[in-house]
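> Just one file: my_file-v1.cif, with mmCIF, C-alpha atoms and all ligand atoms.
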data_start
loop_
_atom_site.label_atom_id
_atom_site.label_comp_id
_atom_site.auth_asym_id
_atom_site.auth_seq_id
_atom_site.Cartn_x
_atom_site.Cartn_y
_atom_site.Cartn_z
CA MET A 16 -15.91 -13.35 -11.33
CA PHE A 17 -13.51 -12.76 -8.41
CA LYS A 18 -16.14 -13.46 -5.77
CA LYS A 19 -17.27 -16.65 -7.47
CA GLN A 20 -13.70 -17.93 -7.65
CA PHE A 21 -13.13 -16.93 -4.02
CA LYS A 22 -16.19 -18.94 -2.99
CA LYS A 23 -15.01 -21.96 -4.90
CA TYR A 24 -11.60 -22.06 -3.21
CA LYS A 25 -13.08 -21.29 0.18
CA SER A 26 -15.58 -24.14 0.04
CA ARG A 27 -14.81 -27.25 2.09
CA PHE A 28 -17.76 -29.45 1.11
CA PRO A 29 -17.26 -30.41 -1.61
CA PRO A 30 -13.51 -29.73 -1.54
CA PRO A 31 -12.48 -27.58 -4.51
CA ASP A 32 -10.59 -28.82 -7.53
CA LEU A 33 -7.09 -27.38 -7.11
CA THR A 34 -5.69 -28.35 -10.51
CA ASP A 35 -5.84 -24.72 -11.71
CA VAL A 36 -3.86 -23.41 -8.74
CA VAL A 37 -0.42 -22.38 -9.99
CA ASP A 38 2.41 -24.17 -8.20
CA MET A 39 5.81 -22.58 -8.78
CA ARG A 40 7.51 -25.76 -7.55
CA ARG A 41 6.06 -27.85 -10.36
CA SER A 42 8.09 -28.50 -13.47
CA HIS A 43 5.44 -27.49 -16.03
CA VAL A 44 5.36 -24.08 -14.40
CA GLY A 45 6.55 -22.26 -17.55
CA GLU A 46 2.98 -22.01 -18.88
CA ASN A 47 1.79 -19.76 -16.07
CA CYS A 48 4.99 -18.46 -14.54
CA LYS A 49 7.90 -17.00 -16.42
CA LEU A 50 11.31 -17.25 -14.82
CA ARG A 51 12.73 -13.77 -14.22
CA PRO A 52 16.32 -12.71 -13.65
CA LEU A 53 17.52 -11.70 -10.19
CA ARG A 54 20.03 -8.98 -9.38
CA PRO A 55 22.41 -10.53 -6.87
CA ALA A 56 24.98 -7.79 -7.43
CA ASP A 57 22.53 -5.20 -6.08
CA VAL A 58 22.41 -6.94 -2.71
CA THR A 59 24.97 -5.43 -0.40
CA ALA A 60 23.37 -6.10 3.01
CA ASP A 61 24.25 -9.07 5.17
CA TRP A 62 21.71 -11.52 3.79
CA GLU A 63 23.04 -14.37 5.91
CA SER A 64 22.16 -12.76 9.23
CA LEU A 65 18.69 -12.05 7.82
CA GLY A 66 18.12 -15.80 7.47
CA LEU A 67 18.44 -15.83 3.68
CA ARG A 68 20.15 -18.24 1.31
CA PRO A 69 22.63 -16.80 -1.24
CA VAL A 70 20.76 -14.80 -3.88
CA HIS A 71 22.26 -16.72 -6.82
CA GLY A 72 20.24 -19.77 -5.71
CA TRP A 73 16.85 -17.99 -5.56
CA ARG A 74 14.12 -18.52 -8.17
CA LEU A 75 11.93 -15.59 -9.21
CA PHE A 76 8.82 -15.92 -11.40
CA GLU A 77 6.34 -13.52 -12.89
CA LEU A 78 2.77 -14.79 -12.84
CA ALA A 79 1.46 -14.63 -16.42
CA GLY A 80 -1.33 -12.16 -17.14
CA THR A 81 -0.94 -10.21 -13.91
CA GLY A 82 1.20 -7.32 -15.15
CA GLY A 83 3.96 -7.58 -12.59
CA LEU A 84 3.06 -10.01 -9.82
CA LEU A 85 6.37 -11.62 -8.88
CA LEU A 86 6.72 -14.85 -6.92
CA LEU A 87 9.96 -15.53 -5.11
CA GLU A 88 10.26 -19.16 -4.11
CA ASP A 89 11.25 -19.51 -0.43
CA PRO A 90 14.65 -17.72 -0.22
CA PHE A 91 15.08 -18.54 3.51
CA THR A 92 17.14 -21.12 5.35
CA SER A 93 15.14 -23.18 7.86
CA GLU A 94 16.86 -21.17 10.63
CA GLY A 95 15.74 -18.05 8.78
CA GLN A 96 12.13 -19.24 8.79
CA ARG A 97 12.35 -19.84 12.54
CA LEU A 98 13.96 -16.44 13.07
CA TRP A 99 11.13 -14.61 11.31
CA ALA A 100 8.37 -16.69 12.86
CA GLN A 101 9.84 -15.83 16.27
CA ARG A 102 10.13 -12.16 15.40
CA CYS A 103 6.48 -12.12 14.33
CA LEU A 104 5.06 -14.01 17.30
CA ARG A 105 7.26 -12.81 20.17
CA ASP A 106 8.51 -9.37 19.09
CA PHE A 107 6.14 -7.87 16.53
CA THR A 108 3.30 -8.39 19.03
CA ARG A 109 5.12 -6.70 21.92
CA LYS A 110 4.23 -3.18 23.06
CA PRO A 111 4.86 -0.33 22.64
CA ASP A 112 5.77 -0.30 18.92
CA CYS A 113 2.91 -2.38 17.54
CA ARG A 114 -0.89 -2.23 17.51
CA LEU A 115 -2.92 -5.39 17.79
CA ASN A 116 -6.52 -6.30 16.98
CA LEU A 117 -6.66 -7.36 20.65
CA ASP A 118 -6.19 -3.75 21.81
CA ALA A 119 -9.76 -2.70 21.08
CA HIS A 120 -11.46 -5.56 22.89
CA GLY A 121 -9.71 -5.45 26.21
CA ASP A 122 -8.57 -9.05 25.70
CA LEU A 123 -5.17 -8.29 27.18
CA LEU A 124 -4.92 -7.12 30.77
CA ASP A 125 -3.10 -3.87 31.51
CA GLY A 126 0.56 -4.41 30.61
CA GLU A 127 -0.01 -8.05 29.62
CA ASP A 128 2.18 -9.31 26.78
CA TRP A 129 0.41 -11.65 24.35
CA TRP A 130 3.25 -14.08 23.64
CA THR A 131 4.53 -14.17 27.23
CA SER A 132 1.06 -15.08 28.46
CA CYS A 133 0.59 -17.69 25.73
CA CYS A 134 3.85 -19.32 26.77
CA SER A 135 3.56 -19.18 30.52
CA ASP A 136 -0.09 -19.74 31.30
CA PRO A 137 -1.96 -22.65 29.63
CA GLU A 138 -5.30 -21.15 30.62
CA ARG A 139 -4.51 -17.76 29.03
CA ARG A 140 -3.01 -19.56 26.05
CA ARG A 141 -6.31 -21.35 25.42
CA SER A 142 -8.22 -18.10 25.29
CA LEU A 143 -5.64 -15.73 23.75
CA LEU A 144 -3.69 -17.69 21.16
CA LYS A 145 -6.39 -17.84 18.50
CA LYS A 146 -7.69 -14.33 19.08
CA LEU A 147 -4.68 -12.60 17.56
CA ARG A 148 -5.49 -11.63 13.95
CA TRP A 149 -3.12 -8.81 13.12
CA SER A 150 -0.39 -6.51 14.31
CA THR A 151 0.63 -3.26 12.61
CA LEU A 152 4.12 -1.73 12.59
CA GLY A 153 5.65 1.55 11.44
CA TYR A 154 2.93 3.66 9.84
CA HIS A 155 -0.09 1.93 11.40
CA HIS A 156 -2.75 0.85 8.97
CA ASN A 157 -6.06 2.39 10.06
CA TRP A 158 -8.67 -0.33 9.46
CA ASP A 159 -11.62 2.12 9.60
CA THR A 160 -10.48 5.18 7.68
CA LYS A 161 -7.73 3.48 5.61
CA VAL A 162 -5.76 6.71 6.00
CA TYR A 163 -2.18 6.78 7.31
CA SER A 164 -1.21 9.55 9.66
CA ASP A 165 2.13 10.95 10.90
CA SER A 166 0.78 10.84 14.44
CA GLU A 167 -0.01 7.13 14.15
CA ARG A 168 3.51 5.98 13.46
CA ASP A 169 6.09 4.00 15.45
CA GLU A 170 9.65 2.93 14.79
CA PHE A 171 9.78 0.35 11.97
CA PRO A 172 11.81 -2.78 12.92
CA GLU A 173 15.29 -2.36 11.45
CA ASP A 174 15.82 -6.00 10.53
CA LEU A 175 12.45 -6.21 8.75
CA ALA A 176 13.38 -3.07 6.80
CA SER A 177 16.72 -4.68 5.84
CA LEU A 178 15.05 -7.94 4.81
CA SER A 179 12.59 -5.97 2.68
CA ALA A 180 15.39 -3.92 1.13
CA VAL A 181 17.37 -7.06 0.20
CA VAL A 182 14.35 -8.73 -1.41
CA ALA A 183 13.35 -5.51 -3.19
CA ARG A 184 16.87 -4.88 -4.52
CA ALA A 185 17.30 -8.48 -5.71
CA THR A 186 13.95 -8.37 -7.52
CA GLY A 187 14.60 -5.02 -9.23
CA PHE A 188 13.38 -2.30 -6.83
CA PRO A 189 16.53 -0.69 -5.41
CA ASP A 190 14.74 2.38 -4.00
CA PHE A 191 12.13 0.53 -1.95
CA SER A 192 11.85 1.70 1.64
CA ALA A 193 9.79 -0.27 4.20
CA GLN A 194 7.66 2.13 6.25
CA GLY A 195 4.57 0.20 7.33
CA ALA A 196 3.61 -3.42 7.80
CA ILE A 197 0.60 -5.54 8.65
CA VAL A 198 1.43 -8.89 10.19
CA ASN A 199 -1.58 -11.12 9.51
CA PHE A 200 -2.11 -14.18 11.71
CA TYR A 201 -4.30 -16.79 10.02
CA ARG A 202 -5.74 -19.88 11.67
CA MET A 203 -6.75 -22.82 9.46
CA ASP A 204 -10.27 -21.43 8.96
CA SER A 205 -9.24 -17.80 8.34
CA THR A 206 -9.71 -16.04 5.01
CA LEU A 207 -8.93 -12.59 3.66
CA SER A 208 -11.52 -11.32 1.22
CA GLY A 209 -10.87 -9.50 -2.06
CA HIS A 210 -9.41 -6.01 -1.70
CA THR A 211 -6.86 -3.60 -3.13
CA ASP A 212 -4.25 -1.74 -1.09
CA HIS A 213 -4.33 1.89 -2.17
CA SER A 214 -3.84 4.00 0.95
CA GLU A 215 -0.13 4.55 0.38
CA GLN A 216 1.08 7.87 -1.10
CA ASP A 217 3.36 5.93 -3.39
CA LEU A 218 1.49 3.38 -5.48
CA GLU A 219 4.51 2.88 -7.75
CA ALA A 220 6.59 1.18 -5.06
CA PRO A 221 5.74 -2.54 -4.87
CA LEU A 222 4.06 -4.38 -1.97
CA LEU A 223 6.15 -7.11 -0.37
CA SER A 224 4.46 -10.05 1.24
CA PHE A 225 6.20 -12.81 3.23
CA SER A 226 4.49 -16.08 4.18
CA PHE A 227 5.38 -18.46 7.02
CA GLY A 228 3.70 -21.58 8.36
CA GLN A 229 0.85 -23.34 6.58
CA THR A 230 0.15 -23.01 2.86
CA ALA A 231 -2.25 -20.43 1.43
CA ILE A 232 -4.21 -20.28 -1.76
CA PHE A 233 -3.62 -16.69 -2.87
CA MET A 234 -5.78 -15.12 -5.58
CA VAL A 235 -4.84 -12.18 -7.74
CA GLY A 236 -7.22 -10.56 -10.22
CA GLY A 237 -7.26 -7.21 -11.99
CA ARG A 238 -8.40 -3.65 -11.36
CA THR A 239 -12.05 -4.62 -10.87
CA LEU A 240 -13.91 -7.55 -9.33
CA GLU A 241 -15.11 -8.46 -12.83
CA ASP A 242 -11.62 -9.46 -13.94
CA GLU A 243 -10.73 -13.12 -13.76
CA ALA A 244 -8.31 -14.10 -11.01
CA THR A 245 -5.38 -16.50 -10.96
CA ALA A 246 -4.83 -18.67 -7.89
CA VAL A 247 -1.40 -19.69 -6.67
CA PHE A 248 -0.04 -21.71 -3.73
CA LEU A 249 2.05 -19.72 -1.25
CA ARG A 250 4.14 -21.92 1.03
CA SER A 251 6.25 -21.18 4.05
CA GLY A 252 9.05 -18.79 3.09
CA ASP A 253 7.53 -17.69 -0.23
CA VAL A 254 7.53 -13.98 -1.03
CA VAL A 255 5.10 -12.10 -3.28
CA VAL A 256 6.14 -8.80 -4.85
CA MET A 257 3.13 -6.91 -6.21
CA SER A 258 4.67 -4.52 -8.69
CA ARG A 259 3.59 -2.43 -11.69
CA GLN A 260 -0.09 -3.02 -12.64
CA SER A 261 -0.53 -5.78 -10.08
CA ARG A 262 0.22 -3.25 -7.30
CA ARG A 263 -3.39 -2.07 -7.68
CA SER A 264 -5.00 -5.44 -8.38
CA TYR A 265 -7.62 -7.18 -6.32
CA HIS A 266 -6.22 -10.03 -4.26
CA ALA A 267 -7.41 -12.38 -1.53
CA VAL A 268 -6.66 -15.47 0.53
CA PRO A 269 -9.68 -17.80 0.25
CA ARG A 270 -8.03 -20.72 1.98
CA VAL A 271 -5.28 -21.90 4.30
CA LEU A 272 -4.30 -25.54 3.71
CA ARG A 273 -2.37 -28.07 5.72
CA GLU A 274 0.20 -29.83 3.61
CA ASP A 275 2.02 -32.50 5.55
CA ARG A 276 5.73 -32.16 5.11
CA ASP A 277 8.23 -33.94 7.34
CA PRO A 278 10.24 -32.14 8.53
CA PRO A 279 8.38 -28.86 7.94
CA PRO A 280 10.25 -26.08 6.05
CA TRP A 281 10.98 -24.34 9.35
CA GLY A 282 12.98 -27.39 10.46
CA SER A 283 13.00 -29.68 13.43
CA LEU A 284 11.79 -28.80 16.88
CA ASP A 285 14.05 -28.32 19.85
CA ALA A 286 12.71 -27.37 23.26
CA ASP A 287 13.17 -23.59 22.87
CA TRP A 288 11.35 -23.61 19.63
CA LYS A 289 8.48 -25.93 20.64
CA LEU A 290 5.75 -23.30 21.13
CA PHE A 291 6.62 -21.44 17.93
CA GLY A 292 6.56 -24.74 16.03
CA ASP A 293 3.24 -25.70 17.60
CA TYR A 294 1.77 -22.36 16.54
CA LEU A 295 2.89 -22.80 12.93
CA GLU A 296 1.33 -26.27 12.78
CA ASP A 297 -2.15 -24.67 12.72
CA SER A 298 -1.44 -21.19 11.43
CA ARG A 299 -0.12 -19.04 8.67
CA ILE A 300 1.70 -15.76 9.22
CA ASN A 301 1.82 -13.13 6.48
CA VAL A 302 4.04 -10.07 6.79
CA ASN A 303 2.74 -7.43 4.37
CA VAL A 304 5.28 -4.64 3.94
CA ARG A 305 4.55 -1.27 2.35
CA GLN A 306 6.38 1.85 1.32
CA VAL A 307 3.96 4.56 2.42
CA LEU A 308 5.77 7.76 1.42
CA ARG A 309 6.76 9.13 -1.95
CA PRO A 310 10.48 8.82 -2.70
CA GLY A 311 12.62 11.23 -0.72
CA ARG A 312 9.95 12.12 1.83
CA ARG A 313 10.40 11.60 5.53
CA SER A 314 6.79 12.08 6.58
CA LEU A 315 3.37 12.47 5.03
CA ALA A 316 3.39 16.19 5.75
CA SER A 317 6.92 17.01 4.64
CA PRO A 318 7.57 18.68 1.28
CA PRO A 319 9.29 16.66 -1.45
CA ALA A 320 13.08 16.51 -1.21
CA ARG A 321 14.97 19.04 -3.37
CA LYS A 322 16.78 17.52 -6.25
C1 LIG B 401 -2.79 -7.83 3.06
C2 LIG B 401 -2.73 -9.01 2.18
C3 LIG B 401 -2.07 -11.27 1.71
C4 LIG B 401 -1.65 -12.56 2.34
O1 LIG B 401 -2.44 -7.96 4.25
O2 LIG B 401 -3.17 -6.74 2.59
O3 LIG B 401 -3.13 -8.88 1.05
O4 LIG B 401 -1.01 -13.35 1.64
N1 LIG B 401 -2.23 -10.19 2.62
O5 LIG B 401 -1.99 -12.82 3.50
MN MN B 402 -3.51 -6.78 0.49
#
Could you take the file, read its structure, and then write that structure out as structure tokens?
Ligand code: OGA
Ligand code: MN

Amino acid sequence: MFKKQFKKYKSRFPPPDLTDVVDMRRSHVGENCKLRPLRPADVTADWESLGLRPVHGWRLFELAGTGGLLLLEDPFTSEGQRLWAQRCLRDFTRKPDCRLNLDAHGDLLDGEDWWTSCCSDPERRRSLLKKLRWSTLGYHHNWDTKVYSDSERDEFPEDLASLSAVVARATGFPDFSAQGAIVNFYRMDSTLSGHTDHSEQDLEAPLLSFSFGQTAIFMVGGRTLEDEATAVFLRSGDVVVMSRQSRRSYHAVPRVLREDRDPPPWGSLDADWKLFGDYLEDSRINVNVRQVLRPGRRSLASPPARK
């Protein structure tokens, strides 16, 4: 079921029928998405400096039939979208606190910084820009073993932890603590096939997923690949919170789509911003944030906190 649906949305010729893809911006949305209350009073952090709009203006939905998949419609200002795109491209790819898919292949020269080279050297840009697929932060996701380790951990970016805490608190998860992240860089032909994320010690804490740049079709199914999936558009700024049952559900990105919007949600382009804006024109960035540890623990090895 899941794989067949994935194939349908992935296909380019013929282009798939997208009428079943849930669009939280459409007015008839109530059939598939139920509006859910937010908890603005629980947000105490400085949301403005995190690039967010005031919480009372956000719209939160639960996707019907998913058992807890929450969709938060773009809560960012356009400056906020630029801020996070810049953090992802320039900072979350900079050594020493991240790991990149490029590390294993020797694509970067000794001490070479991906974004600096992409900006300063058109030749390097041509070869390097599209090769970046992911960066990991905090507890580094191990793509082979899928096991986290205390020795494979770097400092988690403080502002990304604060952003995650604000979104988690506002959507009903006051104890969420961001400890690991995968930043996925999608080009227009990239896909992410069906999987579940189950390596974390704490599978009760939700997964938080932030999207920037071009639009994705995101699929969420159930506990097995036999379950039927629902597809939904994720646009720049949108946030997915995979909570409760949906925390363990199969999900995938069969397609990245270009939707022409003028100006784009990340705003107009001034000179400083030009290269970031150019990147977003043919890419999607997904920041996938996880709580790895059980509540009260400071490392994988440490004993539970005393009550
Ligand atoms: C992941 C993931 C979804 C997305 O990184 O595990 O599911 O929207 N990403 O890119
Ligand atoms: Mn995932």
> Under the rule of at most 10 Å, produce a per-residue listing of chain A near ligand MN 402 (chain B): chain, number, name, the closest pair of atoms, and the distance in Å, as a Markdown table, using only C-alpha atoms and all ligand atoms.

| residue | atom | partner | partner_atom | distance |
| --- | --- | --- | --- | --- |
| A:Ile197 | CA | B:MN402 | MN | 9.2 |
| A:Leu207 | CA | B:MN402 | MN | 8.6 |
| A:Ser208 | CA | B:MN402 | MN | 9.2 |
| A:Gly209 | CA | B:MN402 | MN | 8.3 |
| A:His210 | CA | B:MN402 | MN | 6.3 |
| A:Thr211 | CA | B:MN402 | MN | 5.9 |
| A:Asp212 | CA | B:MN402 | MN | 5.3 |
| A:His213 | CA | B:MN402 | MN | 9.1 |
| A:Leu222 | CA | B:MN402 | MN | 8.3 |
| A:Leu223 | CA | B:MN402 | MN | 9.7 |
| A:Ser224 | CA | B:MN402 | MN | 8.6 |
| A:Val235 | CA | B:MN402 | MN | 9.9 |
| A:Met257 | CA | B:MN402 | MN | 9.4 |
| A:Arg262 | CA | B:MN402 | MN | 9.3 |
| A:Arg263 | CA | B:MN402 | MN | 9.4 |
| A:Ser264 | CA | B:MN402 | MN | 9.1 |
| A:Tyr265 | CA | B:MN402 | MN | 8.0 |
| A:His266 | CA | B:MN402 | MN | 6.4 |
| A:Ala267 | CA | B:MN402 | MN | 7.1 |
| A:Val268 | CA | B:MN402 | MN | 9.2 |
| A:Asn303 | CA | B:MN402 | MN | 7.4 |
| A:Val304 | CA | B:MN402 | MN | 9.7 |
| A:Arg305 | CA | B:MN402 | MN | 9.9 |
> Taking all atoms listed in the file into account, name the residue in A:Leu87, A:Val36, A:Val198, A:Leu218 that is nearest to A:Ile232.
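Closest to A:Ile232 of all the choices is A:Val36.
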> Which residues, written as a PyMOL selection string, have at least one atom at most 12 Å from A:Ser142, with only C-alpha atoms counted and residues fewer than 2 positions away on the same chain left out?
chain A and resi 117+122-123+129+132-133+136-140+144-147
> Grab the residues selected above and save them as a CSV table (one decimal), in the frame of the given file with C-alpha atoms.

chain,number,residue,atom,x,y,z
A,117,LEU,CA,-6.7,-7.4,20.6
A,122,ASP,CA,-8.6,-9.0,25.7
A,123,LEU,CA,-5.2,-8.3,27.2
A,129,TRP,CA,0.4,-11.6,24.4
A,132,SER,CA,1.1,-15.1,28.5
A,133,CYS,CA,0.6,-17.7,25.7
A,136,ASP,CA,-0.1,-19.7,31.3
A,137,PRO,CA,-2.0,-22.6,29.6
A,138,GLU,CA,-5.3,-21.2,30.6
A,139,ARG,CA,-4.5,-17.8,29.0
A,140,ARG,CA,-3.0,-19.6,26.0
A,144,LEU,CA,-3.7,-17.7,21.2
A,145,LYS,CA,-6.4,-17.8,18.5
A,146,LYS,CA,-7.7,-14.3,19.1
A,147,LEU,CA,-4.7,-12.6,17.6
> Which one of A:Asp204, A:Asp61, A:Glu77, A:Asp128 sits closest to A:Ala180 if you count all atoms listed in the file?
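Among the listed residues, A:Asp61 lies closest to A:Ala180.
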> Taking only C-alpha atoms into account, name the residue in A:Val58, A:Val182, A:Leu98, A:Val37 that is nearest to A:Leu249.
A:Val37
> In terms of the shortest atom-to-atom distance over all atoms listed in the file, which of A:Pro278, A:Gly252, A:Gly82, A:Gly228 is closest to A:Tyr294?
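Closest to A:Tyr294 of all the choices is A:Gly228.
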> Which is closer to ligand LIG 401 (chain B) than all the others in A:Ser298, A:Gln96, A:Ser258, A:Thr206, using only C-alpha atoms and all ligand atoms?
A:Thr206
> Calculated over all atoms listed in the file, which of the candidates A:Asp169, A:Leu86, A:Thr160, A:Thr92 has the smallest distance to A:Pro111?
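Looking only at the distances to A:Pro111, the closest residue turns out to be A:Asp169.
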